[in-house]
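*Asks:* Please read through the structure below; I'll follow up with questions.
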Amino acid sequence: MTPTDYHEETYELNAEGHLVDRQPHYASKYQDGSSIDWLYEELVERERTHSQRSQRGVRGLILPWWSSAQRWFIIIATGIGIGLAGAWLDVLVKWLSDLREGRCTYGVFYNSVSCCSGLDPGEVCTQWQSWSDFLGVRFIFAQSLLQSFVYVALAVIYSGSAALLVQAWAPYAFHTGIPEIKAILGGYVFDAFLTPWTLLIKALGLALSVASGLSLGKEGPLVHVACCMAFLLSRFFEQFRTSEGQKRKLLAAAAAAGVSVAFGSPLGGVLFGLEELDTFASESEVMWRGFVASAIAAVALEYVDPFGTGKLVLFQVTSVFDDTWRAFELIPWLGLGILGGILGHFMIKLNVQIAVFRRNSYLHDWPVVEVVGVAALTSAISYLIVFARVQTSELVANLFQECDPTKGDYHGLCNPTAMWENVFLLILSAIVKFGLTAWTFGMMIPAGIFLPTIAIGACLGRAVGLLVQGLYKAYPTAWIFLSCPPDPSVRCISPGFYAVIGASGMLGGVTRMTSELPLMTCNVNKTTLPVSLVVILFELTGALSHVLPIMISVMTAKWVGDAFGKDGIYPAWIALRQYPWLPPADYRDEGQTGAHIMRPVDDLTVIEDGHCTPIDLDNLLSTSRFYGFPVVSQGELMGFVTRDQLKRSIDNVLSEQRSRACVFAPSFISSSASEEHLDFSSVLETSVLHLRKEVPQELVVKMFQKLSLRQILFTHSGKLEGMVTKTDVAALLRSHFPHTGALKDDAPTWHR
């Protein structure tokens, strides 16, 4: 019997001399926890494309067009879907959060904005009432108790409901999702992370968790939601169901659309897909598909207009006077960048320590209780601090705004006589949010870290801006302020600018989002620049004059953060869960060779050609979780066989033939003996990459990074000496991280 996995006559001619219409054979579905074979996926895609273009007549024209139409349908539908979902999420969050403080007199389903629409600036809204006014409570102490009770109680209900939904229906809907999306785009198979239930619970749970007032954001989870949409749509078309490579190209475009909706940043979404998600495909292909998806998502978001501003940006930086900046302001801005890098490092370190503690304590068994407890504590503390009481997005919007006499003063933030009180409250708000964010990011609810990080930096930046403004008013003739107008009543310092700079520095210190750009130097090395983060913040605020200061702040924060540790928050969580993801950073060895990282042949599970029966191979598959095995004959390497191919071949063997020996290289068996063996040569991969173990370790790592390999075999004179896998290289690159694999049990395992 000859078990086969490929049609030997894929391009067979019929009686008329035309190619027979045969579809290429695809590999069976990968199991969750494994890594895909990129080389095989590219081979299958080329076969499929060649098969379509080889058809004669109209069919040869329609098939490629139909294949492309399916791809663009998914991209366009995903863009529209995530745009509408993001708008719906904003409306729902606004209504739920406003419900914690009051209700509209002529309808409970109106939020404060829609309830008070149509009023002139400065006019008091009488239709929106607090709960104490609505219920007729007159005593001040009773009013405070009632307002605080409703505020905390609804927060507990919202967050508890989100945690229950995640725990009961979609365990993978918690957290941000970006670490898993990065791993998936890198070849990790995790289909359970993209199911329809995960999509539904992630979206609904995200609205509840954000409205509860917990120190989290919706930006990262929206990337996960967009990828779930693209995955769900791809299941309707066979070419994406059977091609993991094509599926990931769709997910890359969906991730860009998610960022576009989360920040109102179409260009930032495209760059985010190129930089942070480390996509495997060509840059032009990723940029074009990501651009289309991001643009369509932005159009859908603007059509709904959930903010009622007619613009995409969430926070518009405005200045009623001069919006220029002076050279001396580079000093406090550099200070904010340094502070952002330092605080970003400690945020990552504290968050990792809390995640490890949570995993090893009783909190791991009671995730809903933890969420409810933290929500109650967050609400109780936030209610006492005026700047922390409102939604984080509203807080950031007001911190970014400049003081305007024609508009209301946000809780006395523009009161010149209360500068020190405001500075104290802003710093206190930043400290509280720092601790709460470090704990909240990782609980059993959908949670992002972008917005709370921006809020922490904005609070610190606004506080520094107020201090610099106060210093200028106290010493307007000082030499450092010579570029300012001599009249202190004329604006020179814009504290809202400082809030933007502080937010960019803090976000750069936490995420370390960078782009690899080649520099024309003598050794043609690469440097990393935070391009996408600058573009996202620019589109987020709409502040054209802030581009250069934002760049300075982000680069300073990254350099300072990298001095303490290279990993951002997302690579840290990837290491915690031990996903087989390879960071794009350059690796430099210290004289080590491939022999230092390879697994010696004595430690490998190998298949001896001609000595194993299907029964033996079946037992081997049931007792091991390796994704493939080297095949040797008296120590000489014959090739490599994958687990899936071997399993299919064994299943095709008849019961009366299961005692025969399996031969993977029939040319080495005599013709008389070959009749007593089973020919398994069709599953043997003979064109496997193998090197000498003396090659530099740096070269081995780069080959895995650039070629997306799953394994490299090491030989000498044809004899197998060892093997290194993607998992081994990933472990090498994160060997500096002390908590690698601390949360591994929470993620599916993979085969080495």
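Following the order of the structure tokens, chains are lettered A, B, ..., residues in each are numbered from 1, and ligands are numbered from 1.
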With stretch 86-99 of chain A as the partner and 12 Å as the cut-off, tabulate the residues of stretch 367-461 of chain A that qualify, each row holding the nearest pair of atoms and their distance in Å to one decimal, using only C-alpha atoms, sorted by chain and rising number, as JSON lines.
*Replies:*
{"residue": "A:Ser379", "atom": "CA", "partner": "A:Ser97", "partner_atom": "CA", "distance": 11.8}
{"residue": "A:Arg389", "atom": "CA", "partner": "A:Ser97", "partner_atom": "CA", "distance": 10.6}
{"residue": "A:Val390", "atom": "CA", "partner": "A:Ser97", "partner_atom": "CA", "distance": 8.5}
{"residue": "A:Gln391", "atom": "CA", "partner": "A:Ser97", "partner_atom": "CA", "distance": 7.3}
{"residue": "A:Thr392", "atom": "CA", "partner": "A:Ser97", "partner_atom": "CA", "distance": 10.8}
{"residue": "A:Ser393", "atom": "CA", "partner": "A:Lys94", "partner_atom": "CA", "distance": 10.2}
{"residue": "A:Glu394", "atom": "CA", "partner": "A:Lys94", "partner_atom": "CA", "distance": 10.0}
*Asks:* Running DSSP on the backbone, which parts of stretch 408-579 of chain A land in alpha helix (DSSP H), as an NGL selection string?
*Replies:* :A and (419-440 or 450-474 or 495-511 or 531-541 or 547-564 or 569-577)
*Asks:* Taking 2 positions as the minimum chain separation for residues in the same chain, which residues sit within 12 Å of A:Ile454 when counting only C-alpha atoms? Answer as a PyMOL selection string.
*Replies:* chain A and resi 215-217+219+263+315+340+344+392-397+399-400+430+433-434+437+448-452+456-462+499-511+533+536-537+540-541
*Asks:* Taking only C-alpha atoms into account, name the residue in A:Gly561, A:Gly186, A:Gly373, A:Gly160 that is nearest to A:Ala730.
*Replies:*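 Result for the nearest residue to A:Ala730: A:Gly186.
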*Asks:* As a count of residues only, please: the residues near stretch 162-167 of chain A (cut-off 7 Å, only C-alpha atoms, same-chain neighbours under 3 positions excluded).
*Replies:* 14
*Asks:* Can you pull out every residue within 10 Å of A:His611, counting only C-alpha atoms, but drop anything in the same chain fewer than 5 positions away, and send it as a list in words?
*Replies:*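 In the requested format, the answer is Asp616, Ser633, Arg660, Ala661, Cys662, Val663 and His677 of chain A.
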*Asks:* Would you mind listing what lies within 10 Å of A:Thr725 as an NGL selection string, with only C-alpha atoms counted and same-chain residues fewer than 6 positions away left out?
*Replies:* :A and (580 or 597-599 or 704 or 709-713 or 731 or 751-752)
*Asks:* Fewer than 3 positions away in the same chain doesn't count, so skip those; otherwise give me all residues within 10 Å of A:Leu617, counting only C-alpha atoms, as a PyMOL selection string.
*Replies:* chain A and resi 607+612-614+620-623+646-647+650+662
*Asks:* Nearest residue to A:Leu637 out of A:Ile140, A:Val386, A:Leu720, A:Val695, using only C-alpha atoms?
*Replies:*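 Smallest distance to A:Leu637 is found for A:Leu720.
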